[in-house]
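J.: Sharing target_0.cif (mmCIF, C-alpha atoms) below.
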data_start
loop_
_atom_site.label_atom_id
_atom_site.label_comp_id
_atom_site.auth_asym_id
_atom_site.auth_seq_id
_atom_site.Cartn_x
_atom_site.Cartn_y
_atom_site.Cartn_z
CA MET A 90 80.46 96.57 105.21
CA PHE A 91 80.63 100.24 104.34
CA ARG A 92 78.37 100.49 101.32
CA ALA A 93 75.50 101.77 103.49
CA ILE A 94 77.18 104.91 104.81
CA GLY A 95 78.13 105.86 101.27
CA ASN A 96 74.44 105.77 100.40
CA VAL A 97 73.66 107.93 103.45
CA LEU A 98 76.20 110.54 102.32
CA LYS A 99 74.71 110.53 98.82
CA SER A 100 71.23 110.99 100.22
CA PHE A 101 72.38 113.96 102.31
CA ARG A 102 74.16 115.52 99.36
CA GLY A 103 71.27 114.99 96.98
CA SER A 104 68.29 115.72 99.21
CA SER A 105 66.32 118.93 99.37
CA GLU A 106 67.49 119.25 102.99
CA SER A 107 71.12 119.48 101.89
CA LYS A 108 70.22 122.57 99.88
CA ARG A 109 69.36 124.33 103.16
CA GLY A 110 71.91 125.47 105.71
CA LEU A 111 72.78 123.40 108.76
CA PHE A 112 71.04 125.87 111.09
CA ASP A 113 67.74 125.09 109.35
CA ARG A 114 67.95 121.31 109.69
CA SER A 115 67.51 118.79 112.47
CA PHE A 116 69.64 115.67 113.00
CA THR A 117 68.53 112.43 114.65
CA PRO A 118 71.04 110.25 116.53
CA SER A 119 71.80 106.81 115.14
CA ASP A 120 70.53 103.81 117.10
CA HIS A 121 73.71 101.82 116.37
CA VAL A 122 74.98 99.65 119.24
CA LEU A 123 78.33 101.46 119.06
CA ARG A 124 76.85 104.91 119.58
CA PRO A 125 77.26 105.13 123.39
CA THR A 126 80.94 104.24 123.07
CA LEU A 127 81.56 106.75 120.29
CA ASP A 128 79.43 109.39 122.02
CA ALA A 129 81.85 109.10 124.92
CA ARG A 130 84.85 109.49 122.60
CA TYR A 131 83.35 112.62 121.02
CA ALA A 132 82.69 114.02 124.50
CA GLN A 133 86.36 113.41 125.32
CA MET A 134 87.34 115.13 122.08
CA ARG A 135 85.23 118.19 122.88
CA GLU A 136 86.74 118.34 126.37
CA ALA A 137 90.27 117.92 124.99
CA MET A 138 89.79 120.72 122.47
CA ALA A 139 88.23 122.97 125.10
CA SER A 140 91.35 122.51 127.23
CA GLY A 141 93.52 124.11 124.56
CA ARG A 142 96.33 121.63 125.32
CA ARG A 143 98.08 119.34 122.85
CA GLU A 144 98.38 116.13 124.86
CA PRO A 145 94.69 115.27 125.44
CA ILE A 146 93.86 115.98 121.79
CA ALA A 147 96.76 113.91 120.43
CA ALA A 148 95.76 111.00 122.70
CA LEU A 149 92.52 110.62 120.71
CA LEU A 150 94.17 110.53 117.26
CA THR A 151 96.16 107.95 115.29
CA SER A 152 99.70 108.85 114.22
CA HIS A 153 98.51 109.11 110.60
CA PHE A 154 95.41 111.22 111.32
CA VAL A 155 94.25 113.55 108.54
CA SER A 156 91.70 116.34 108.57
CA ILE A 157 90.17 117.49 105.27
CA GLY A 158 88.44 120.84 105.34
CA VAL A 159 85.33 121.82 103.43
CA ARG A 160 87.56 123.42 100.76
CA GLY A 161 89.64 120.26 100.42
CA LYS A 162 92.70 121.39 102.40
CA GLU A 163 94.42 118.54 104.26
CA SER A 164 96.03 118.85 107.69
CA ASN A 165 97.89 116.24 109.72
CA ALA A 166 97.54 115.78 113.48
CA ASP A 167 100.17 118.37 114.44
CA GLU A 168 98.75 120.98 112.07
CA MET A 169 95.20 120.46 113.30
CA ILE A 170 96.24 120.62 116.97
CA ASP A 171 98.32 123.75 116.35
CA LEU A 172 95.27 125.44 114.86
CA VAL A 173 93.02 124.49 117.79
CA CYS A 174 95.55 125.60 120.40
CA SER A 175 96.18 128.94 118.66
CA LEU A 176 92.54 130.08 118.76
CA ASP A 177 92.20 133.24 120.82
CA ILE A 178 88.87 132.48 122.49
CA ASP A 179 87.35 132.18 125.94
CA ARG A 180 86.94 128.40 126.01
CA GLY A 181 84.92 128.49 129.22
CA LYS A 182 82.07 130.34 127.52
CA ARG A 183 81.50 127.90 124.68
CA THR A 184 78.96 125.09 124.44
CA ALA A 185 79.17 122.30 121.90
CA THR A 186 77.09 119.24 121.05
CA THR A 187 77.74 116.31 118.73
CA THR A 188 75.08 114.17 117.05
CA LEU A 189 76.13 110.88 115.46
CA VAL A 190 73.71 110.73 112.56
CA ASN A 191 74.89 107.44 111.06
CA ILE A 192 77.38 104.75 112.10
CA GLU A 193 78.76 101.80 110.15
CA GLU A 194 81.34 99.41 111.64
CA SER A 195 83.33 96.50 110.21
CA ASN A 196 86.64 94.87 111.10
CA GLY A 197 87.40 97.40 113.82
CA ILE A 198 86.84 100.42 111.54
CA ALA A 199 83.88 102.72 112.25
CA ARG A 200 82.61 105.40 109.88
CA VAL A 201 80.49 108.11 111.39
CA LEU A 202 78.38 110.87 109.87
CA GLN A 203 78.62 113.52 112.58
CA HIS A 204 76.85 116.83 113.16
CA TYR A 205 78.65 119.34 115.39
CA ALA A 206 77.11 122.52 116.80
CA MET A 207 78.99 125.18 118.78
CA THR A 208 77.97 128.53 120.20
CA THR A 209 79.73 131.00 122.45
CA THR A 210 78.47 133.67 124.82
CA ALA A 211 81.88 135.33 125.02
CA GLN A 212 82.98 138.32 123.03
CA VAL A 213 84.78 137.10 119.91
CA GLY A 214 86.64 138.88 117.16
CA PRO A 215 84.74 140.01 114.08
CA LEU A 216 86.14 137.16 111.98
CA MET A 217 85.83 134.44 114.63
CA PRO A 218 82.74 132.20 114.62
CA LYS A 219 80.18 132.96 117.29
CA ASP A 220 77.91 130.14 116.09
CA LEU A 221 79.24 127.23 114.10
CA GLN A 222 77.82 123.98 112.75
CA THR A 223 79.50 121.28 110.67
CA LEU A 224 78.57 117.97 109.11
CA SER A 225 81.53 115.64 108.74
CA ALA A 226 82.44 112.08 107.77
CA ASP A 227 84.74 110.60 110.42
CA THR A 228 86.72 107.35 110.48
CA TRP A 229 87.63 105.70 113.79
CA VAL A 230 90.02 102.76 114.28
CA PHE A 231 89.83 100.28 117.16
CA THR A 232 93.47 99.95 118.27
CA ASP A 233 94.83 98.33 121.43
CA GLY A 234 91.41 98.30 123.03
CA ILE A 235 90.42 101.91 122.30
CA TRP A 236 88.84 103.87 119.45
CA LEU A 237 91.09 106.48 117.83
CA LEU A 238 90.12 109.04 115.20
CA THR A 239 92.11 108.59 111.99
CA LYS A 240 90.28 110.85 109.54
CA THR A 241 87.70 113.60 109.50
CA GLN A 242 86.34 115.24 106.37
CA THR A 243 84.09 118.29 106.62
CA LEU A 244 81.16 117.97 104.23
CA GLU A 245 79.29 121.14 105.18
CA LEU A 246 80.13 124.17 107.33
CA GLU A 247 77.94 127.08 108.37
CA SER A 248 78.89 129.91 110.71
CA ILE A 249 77.93 133.33 112.03
CA SER A 250 80.93 135.50 112.87
CA GLY A 251 81.36 137.92 115.72
CA ALA A 252 80.51 140.70 113.27
CA GLY A 253 77.27 138.94 112.33
CA ALA A 254 78.44 137.77 108.90
CA HIS A 255 76.80 134.55 107.76
CA SER A 256 78.64 131.98 105.66
CA TYR A 257 77.88 128.51 104.35
CA ALA A 258 80.15 126.14 102.44
CA LYS A 259 79.67 122.65 101.08
CA ALA A 260 82.41 120.28 99.99
CA LYS A 261 82.48 119.39 96.32
CA PRO A 262 82.98 115.75 95.31
CA SER A 263 86.67 115.30 94.52
CA THR A 264 88.25 112.84 92.11
CA LYS A 265 91.85 113.78 92.92
CA PRO A 266 93.91 111.21 94.84
CA PRO A 267 94.54 111.75 98.55
CA SER A 268 97.87 113.54 98.92
CA ARG A 269 99.14 110.94 101.38
CA SER A 270 98.26 107.98 99.16
CA PRO A 271 98.70 109.01 95.51
CA LEU A 272 99.19 105.58 93.89
CA PHE A 273 95.98 104.16 92.39
CA VAL A 274 96.07 100.35 92.51
CA THR A 275 93.75 97.70 91.10
CA ALA A 276 93.86 94.22 92.59
CA ARG A 277 92.39 91.73 90.11
CA MET A 278 91.34 88.26 91.31
CA TRP A 279 90.34 85.73 88.65
CA GLU A 280 87.58 83.98 90.55
CA TYR A 281 83.83 83.80 90.89
CA LEU A 282 82.59 86.05 93.71
CA GLU A 283 79.30 87.90 93.90
CA PRO A 284 79.57 91.60 94.89
CA ILE A 285 78.50 91.11 98.52
CA ALA A 286 80.89 88.18 98.93
CA ARG A 287 83.66 90.25 97.32
CA GLY A 288 83.08 92.96 99.90
CA ILE A 289 83.17 90.53 102.81
CA ARG A 290 86.24 88.61 101.61
CA TYR A 291 88.40 91.43 100.27
CA GLU A 292 87.11 95.01 100.47
CA ASP A 293 86.21 95.28 104.15
CA PRO A 294 89.31 93.56 105.59
CA LEU A 295 91.61 95.34 103.11
CA GLU A 296 90.13 98.72 104.03
CA ALA A 297 90.61 97.96 107.72
CA PHE A 298 94.22 96.90 107.08
CA ILE A 299 95.30 99.94 105.06
CA ILE A 300 93.49 102.43 107.31
CA ARG A 301 94.84 100.88 110.51
CA ASN A 302 98.38 100.97 109.13
CA GLY A 303 98.09 104.39 107.52
CA LEU A 304 98.83 103.01 104.04
CA GLY A 305 95.98 104.51 102.05
CA GLU A 306 92.24 104.41 101.37
CA LEU A 307 89.82 102.03 99.69
CA ASP A 308 88.28 103.25 96.44
CA GLY A 309 85.78 100.49 95.62
CA GLY A 310 85.30 97.26 93.74
CA GLY A 311 84.03 95.89 90.47
CA THR A 312 83.01 92.76 88.61
CA GLN A 313 83.74 91.59 85.07
CA LEU A 314 80.90 89.49 83.69
CA GLY A 315 81.62 86.32 81.74
CA ASP A 316 79.77 83.40 80.19
CA ARG A 317 80.78 80.33 82.20
CA PRO A 318 80.49 81.24 85.00
CA LYS A 319 78.85 84.64 84.75
CA ILE A 320 81.67 86.39 86.69
CA GLU A 321 85.14 86.16 85.13
CA PHE A 322 87.11 88.22 87.65
CA VAL A 323 86.67 90.75 90.46
CA ASP A 324 88.57 93.98 91.09
CA VAL A 325 89.30 95.88 94.28
CA THR A 326 90.64 99.40 93.77
CA PHE A 327 92.40 101.55 96.34
CA TRP A 328 94.77 104.48 96.86
CA LEU A 329 98.13 103.54 98.34
CA GLN A 330 101.34 105.15 99.47
CA ASP A 331 103.75 105.19 96.53
CA SER A 332 106.38 102.90 98.03
CA GLU A 333 107.60 99.35 97.54
CA GLU A 334 106.87 98.60 101.18
CA ALA A 335 103.22 99.63 100.84
CA LEU A 336 102.82 97.49 97.70
CA ALA A 337 104.48 94.51 99.38
CA ARG A 338 102.23 94.81 102.42
CA ALA A 339 99.14 95.02 100.20
CA ARG A 340 100.19 91.83 98.37
CA GLU A 341 100.82 90.08 101.69
CA GLU A 342 97.38 91.09 102.95
CA PHE A 343 95.66 89.74 99.83
CA ASP A 344 97.63 86.49 100.24
CA ARG A 345 96.45 86.29 103.86
CA LEU A 346 92.87 86.78 102.67
CA GLY A 347 93.20 83.77 100.34
CA ALA A 348 93.39 85.41 96.93
CA PRO A 349 93.93 82.85 94.15
CA VAL A 350 97.29 82.31 92.45
CA GLY A 351 97.32 84.31 89.20
CA SER A 352 95.91 87.45 90.80
CA GLU A 353 97.52 90.77 89.88
CA LEU A 354 98.24 94.21 91.32
CA ARG A 355 97.99 96.79 88.54
CA TYR A 356 99.17 100.40 88.78
CA GLU A 357 100.77 103.19 86.79
CA ARG A 358 103.96 105.09 87.61
CA GLY A 359 105.50 107.77 85.41
CA ASN A 360 103.37 106.83 82.38
CA HIS A 361 104.46 103.18 82.72
CA ASN A 362 102.04 100.37 83.59
CA PHE A 363 103.12 97.74 86.12
CA THR A 364 101.65 94.35 86.94
CA GLU A 365 102.72 92.31 89.96
CA PRO A 366 101.47 88.76 90.58
CA PHE A 367 100.20 87.57 93.93
CA GLY A 368 97.96 84.86 95.32
CA SER A 369 98.15 82.07 97.87
CA THR A 370 95.34 79.62 97.01
CA GLU A 371 94.42 77.32 94.14
CA CYS A 372 90.88 76.59 92.98
CA ILE A 373 89.02 73.45 91.99
CA ALA A 374 85.74 74.04 90.15
CA VAL A 375 83.10 71.32 89.96
CA PHE A 376 80.49 71.89 87.22
CA LEU A 377 77.53 69.66 88.05
CA ASP A 378 75.43 68.42 85.13
CA GLY A 379 71.98 69.92 85.59
CA VAL A 380 70.14 68.37 82.65
CA SER A 381 71.47 64.95 81.56
CA LEU A 382 71.27 62.78 84.68
CA PRO A 383 68.32 60.49 85.51
CA ARG A 384 65.30 62.34 86.91
CA ASP A 385 65.35 60.45 90.19
CA VAL A 386 68.87 61.82 90.88
CA TYR A 387 67.61 65.40 90.72
CA LYS A 388 64.52 64.45 92.70
CA ASN A 389 66.24 62.59 95.53
CA GLU A 390 69.66 64.23 95.83
CA ASP A 391 70.62 67.59 97.32
CA VAL A 392 73.47 69.80 96.11
CA ASN A 393 73.92 71.11 99.67
CA LYS A 394 74.82 67.58 100.74
CA VAL A 395 77.44 67.43 97.98
CA VAL A 396 78.96 70.70 99.16
CA ALA A 397 78.96 69.54 102.77
CA HIS A 398 80.65 66.20 101.96
CA LEU A 399 83.30 67.81 99.73
CA ASN A 400 83.93 70.50 102.32
CA GLU A 401 84.30 67.86 105.04
CA ALA A 402 86.82 65.95 102.94
CA LEU A 403 88.93 69.08 102.54
CA ARG A 404 88.57 70.35 106.09
CA SER A 405 89.55 67.02 107.62
CA GLY A 406 92.94 67.33 105.96
CA ASP A 407 93.19 71.10 106.47
CA LEU A 408 93.41 71.42 102.68
CA GLY A 409 90.88 74.18 102.00
CA GLY A 410 87.15 74.63 101.69
CA PHE A 411 84.10 75.79 99.79
CA ARG A 412 84.18 79.42 98.61
CA SER A 413 81.27 80.15 96.25
CA HIS A 414 78.81 78.71 93.74
CA TRP A 415 77.17 79.68 90.46
CA ARG A 416 73.92 78.37 89.02
CA GLY A 417 73.73 78.46 85.23
CA PRO A 418 70.92 77.41 82.89
CA LYS A 419 72.26 73.85 82.47
CA GLU A 420 74.80 73.38 85.26
CA THR A 421 75.76 74.40 88.77
CA ALA A 422 79.37 75.23 89.57
CA LEU A 423 80.96 74.74 93.00
CA PHE A 424 84.26 76.48 93.77
CA PHE A 425 86.72 75.24 96.38
CA ASN A 426 89.98 76.98 97.33
CA GLY A 427 93.02 75.70 99.16
CA ARG A 428 96.80 75.78 99.25
CA ASN A 429 97.42 72.79 96.95
CA ALA A 430 95.00 71.87 94.17
CA ASP A 431 96.53 68.42 93.60
CA ALA A 432 96.06 67.45 97.25
CA MET A 433 92.54 68.87 97.17
CA ARG A 434 91.68 66.81 94.07
CA ASP A 435 92.91 63.61 95.73
CA ALA A 436 90.83 64.32 98.85
CA MET A 437 87.70 65.16 96.83
CA LEU A 438 87.79 62.21 94.40
CA LEU A 439 86.17 59.71 96.75
CA VAL A 440 83.19 62.03 97.31
CA LEU A 441 82.96 62.97 93.64
CA THR A 442 82.85 59.28 92.71
CA ALA A 443 80.24 58.35 95.31
CA GLU A 444 77.77 61.25 94.97
CA PRO A 445 75.03 60.65 92.35
CA LEU A 446 74.83 64.36 91.54
CA CYS A 447 78.51 64.38 90.58
CA GLN A 448 78.01 62.00 87.66
CA ASN A 449 79.18 63.53 84.38
CA ALA A 450 80.48 66.57 86.28
CA GLU A 451 83.35 68.50 84.74
CA VAL A 452 86.08 69.06 87.31
CA ILE A 453 88.68 71.75 86.62
CA VAL A 454 91.81 71.65 88.75
CA ARG A 455 93.54 75.07 89.05
CA PHE A 456 90.49 76.91 87.74
CA GLY A 457 91.10 80.59 86.97
CA ARG A 458 94.32 82.18 85.70
CA HIS A 459 96.82 79.88 87.39
CA PRO A 460 100.23 80.08 85.62
CA LEU A 461 100.33 76.27 85.33
CA GLY A 462 97.03 76.31 83.47
CA PRO A 463 93.83 74.33 84.14
CA GLU A 464 93.60 70.54 84.33
CA PRO A 465 90.04 69.46 83.44
CA PHE A 466 88.56 65.99 83.64
CA ARG A 467 85.06 64.54 83.64
CA MET A 468 83.48 62.22 86.16
CA PRO A 469 81.94 59.01 84.75
CA LEU A 470 78.27 58.03 84.87
CA HIS A 471 77.52 55.37 87.47
CA GLY A 472 77.64 51.96 85.83
CA SER A 473 79.60 53.15 82.82
CA PRO A 474 83.05 51.72 82.08
#
As structure tokens - that is how I would like this structure written.
T.:
Amino acid sequence: MFRAIGNVLKSFRGSSESKRGLFDRSFTPSDHVLRPTLDARYAQMREAMASGRREPIAALLTSHFVSIGVRGKESNADEMIDLVCSLDIDRGKRTATTTLVNIEESNGIARVLQHYAMTTTAQVGPLMPKDLQTLSADTWVFTDGIWLLTKTQTLELESISGAGAHSYAKAKPSTKPPSRSPLFVTARMWEYLEPIARGIRYEDPLEAFIIRNGLGELDGGGTQLGDRPKIEFVDVTFWLQDSEEALARAREEFDRLGAPVGSELRYERGNHNFTEPFGSTECIAVFLDGVSLPRDVYKNEDVNKVVAHLNEALRSGDLGGFRSHWRGPKETALFFNGRNADAMRDAMLLVLTAEPLCQNAEVIVRFGRHPLGPEPFRMPLHGSP
């Protein structure tokens, strides 16, 4: 997951070090297992740029590559390559090094905090940089067996020109939407998921999907607290291309990830709010009685065994499986998702009837915001009519 690199960027931006120029700071390479591979890709990028030719540079970029300068200006692949190739410099008298300060990888997407340092011994024009250092946030995509650069954003830039002029610039946090993905979308899933689980199930794979396909960028996620259970719904927010195709592909990806029926895409266009339903799974919630059963049941029985037996009943029929749980002050809720709640209920009933911990449990078929509404029932106590 990518929460960690966001914290690294914040620490760089907020530290006393970040108030000093790049020339005055030192950068330590990350010990991430992916570093040797990405080090090699950065070496290829430096060599490609030193060649001054289009083809080797383009071979390292995705078709939807974007470069964002320290002032916020965006350039696509062609524009960036044109700029590199137009530089009037003696490329043979330049040295450059790259330090990968931090690396985070998930689902074939790698985010890198990268320090770049360049110096030249050649004579350069008065406005050209003789010494240059940058700190940037880069995004790489693993595609067809190779890593390709899909985005680079310069966070800091410091240079000394051929005339000896010193300059330093630092990117300001921006709240404006990316120009290539201007539609802000909220995906709302009415289900119980803790923040880490939300990231694993939805945020990370969605981010990989939209980046790999050039559809947009992830913004973040959120949680709405409730009473029973304590999480009522979860949100995933992202910037998307403003097209019906992009919206359709986002809905399809959420369906593939198992979002529950009753979920919604929410966005605004032209001062009008739109809501589109999506979802491919149905939920059964089992609220186990945590206070009213005989003491020996709580002493001798294990909720993990209940989960395992219910999960086995569903998996054997390829009907679904366990997704999450919530522990309240007087009950524990188990949530199971699958394609057909009625079939899941039929498969689970034998286990629910046999397990001592399931006595007096409230079972809610189609839990959440299913358009058909919930169907609750209560399990009997053993020995009761």
J.: Can you work out which one of A:Gly359, A:Gly197, A:Pro418, A:Gly409 has the shortest atom-to-atom distance to Asp431 (chain A), counting only C-alpha atoms?
T.: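 Of A:Gly359, A:Gly197, A:Pro418, A:Gly409, the one nearest Asp431 (chain A) is A:Gly409, counting only C-alpha atoms.
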J.: Take CA of Arg384 (chain A) and CA of Val440 (chain A) and report the distance between them in Å, one decimal.
T.: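 So the answer is 20.7 Å.
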J.: Return as JSON lines the residues of region 409-466 of chain A lying at most 9 Å from region 343-350 of chain A, together with the closest atom-to-atom pair for each and the distance in Å to one decimal, counting only C-alpha atoms, with rows in chain order and ascending residue number.
T.:
{"residue": "A:Asn426", "atom": "CA", "partner": "A:Pro349", "partner_atom": "CA", "distance": 7.8}
{"residue": "A:Gly427", "atom": "CA", "partner": "A:Gly347", "partner_atom": "CA", "distance": 8.2}
{"residue": "A:Arg428", "atom": "CA", "partner": "A:Gly347", "partner_atom": "CA", "distance": 8.8}
{"residue": "A:Arg455", "atom": "CA", "partner": "A:Val350", "partner_atom": "CA", "distance": 8.8}
{"residue": "A:Gly457", "atom": "CA", "partner": "A:Pro349", "partner_atom": "CA", "distance": 8.0}
{"residue": "A:Arg458", "atom": "CA", "partner": "A:Val350", "partner_atom": "CA", "distance": 7.4}
{"residue": "A:His459", "atom": "CA", "partner": "A:Val350", "partner_atom": "CA", "distance": 5.6}
{"residue": "A:Pro460", "atom": "CA", "partner": "A:Val350", "partner_atom": "CA", "distance": 7.8}
J.: State, in Å with one decimal place, the distance from CA of Ile285 (chain A) to CA of His414 (chain A).
T.: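 The value is 13.3 Å.
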J.: Can you translate the PyMOL selection byres ((chain A and resi 333-336) around 10) into the concrete residues it hits in this file, as a PDB file with C-alpha atoms, keeping the file's coordinate frame?
T.:
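File produced: out-v9.pdb:
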ATOM      1  CA  SER A 270      98.260 107.980  99.160  1.00  0.00           C
ATOM      2  CA  LEU A 272      99.190 105.580  93.890  1.00  0.00           C
ATOM      3  CA  VAL A 274      96.070 100.350  92.510  1.00  0.00           C
ATOM      4  CA  ILE A 299      95.300  99.940 105.060  1.00  0.00           C
ATOM      5  CA  ASN A 302      98.380 100.970 109.130  1.00  0.00           C
ATOM      6  CA  GLY A 303      98.090 104.390 107.520  1.00  0.00           C
ATOM      7  CA  LEU A 304      98.830 103.010 104.040  1.00  0.00           C
ATOM      8  CA  GLY A 305      95.980 104.510 102.050  1.00  0.00           C
ATOM      9  CA  LEU A 329      98.130 103.540  98.340  1.00  0.00           C
ATOM     10  CA  GLN A 330     101.340 105.150  99.470  1.00  0.00           C
ATOM     11  CA  ASP A 331     103.750 105.190  96.530  1.00  0.00           C
ATOM     12  CA  SER A 332     106.380 102.900  98.030  1.00  0.00           C
ATOM     13  CA  ALA A 337     104.480  94.510  99.380  1.00  0.00           C
ATOM     14  CA  ARG A 338     102.230  94.810 102.420  1.00  0.00           C
ATOM     15  CA  ALA A 339      99.140  95.020 100.200  1.00  0.00           C
ATOM     16  CA  ARG A 340     100.190  91.830  98.370  1.00  0.00           C
ATOM     17  CA  GLU A 341     100.820  90.080 101.690  1.00  0.00           C
ATOM     18  CA  GLU A 342      97.380  91.090 102.950  1.00  0.00           C
ATOM     19  CA  LEU A 354      98.240  94.210  91.320  1.00  0.00           C
ATOM     20  CA  GLU A 365     102.720  92.310  89.960  1.00  0.00           C
TER      21      GLU A 365
END
J.: Enumerate, in order of chain and increasing residue number, the residues of region 103-139 of chain A with an atom no farther than 12 Å from region 227-233 of chain A, each with its shortest atom pair and distance in Å to one decimal, counting only C-alpha atoms, as a Markdown table.
T.:
| residue | atom | partner | partner_atom | distance |
| --- | --- | --- | --- | --- |
| A:Leu123 | CA | A:Trp229 | CA | 11.5 |
| A:Thr126 | CA | A:Phe231 | CA | 11.4 |
| A:Leu127 | CA | A:Trp229 | CA | 9.0 |
| A:Arg130 | CA | A:Trp229 | CA | 10.0 |
| A:Tyr131 | CA | A:Asp227 | CA | 10.9 |
J.: Kindly resolve the PyMOL selection byres ((chain A and resi 465) around 8) on the present coordinates and return the residues as a PyMOL selection string.
T.: chain A and resi 451-454+463-464+466-467
J.: So which one's closest to Gly251 (chain A), A:Gln212, A:Thr188, A:Ser268, A:Thr442? Using only C-alpha atoms, please.
T.: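 Of all the options, A:Gln212 lies closest to Gly251 (chain A).
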J.: Enter the distance from CA of Ala430 (chain A) to CA of Glu280 (chain A), in Å, rounded to one decimal.
T.: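 Calculated distance between CA of Ala430 (chain A) and CA of Glu280 (chain A) is 14.7 Å.
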J.: For Gln203 (chain A), please output as a VMD selection string all residues within 7 Å (counting all atoms listed in the file; exclusion window: fewer than 6 positions along the same chain).
T.: chain A and resid 187 to 190 224 to 226
J.: Find the residue from A:Met437, A:Met138, A:Pro125, A:Arg160 that sits nearest to Ser405 (chain A); use only C-alpha atoms when measuring.
T.: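 Result for the nearest residue to Ser405 (chain A): A:Met437.
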J.: Contacts of Ser156 (chain A) at 9 Å or less, counting only C-alpha atoms, minus same-chain residues fewer than 5 places along, as number ranges by chain?
T.: A: 162-166, 169, 239-243
J.: Which one of A:Val386, A:Val201, A:Ile249, A:Ala286 sits closest to Val323 (chain A) if you count only C-alpha atoms?
T.: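 Checking each of A:Val386, A:Val201, A:Ile249, A:Ala286 against Val323 (chain A), counting only C-alpha atoms, the winner is A:Ala286.
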J.: Once the PyMOL selection byres ((chain A and resi 445) around 9) has been applied to the shown file, what residues remain in the selection, as a VMD selection string?
T.: chain A and resid 382 386 to 387 390 441 to 444 446 to 448 470 to 471
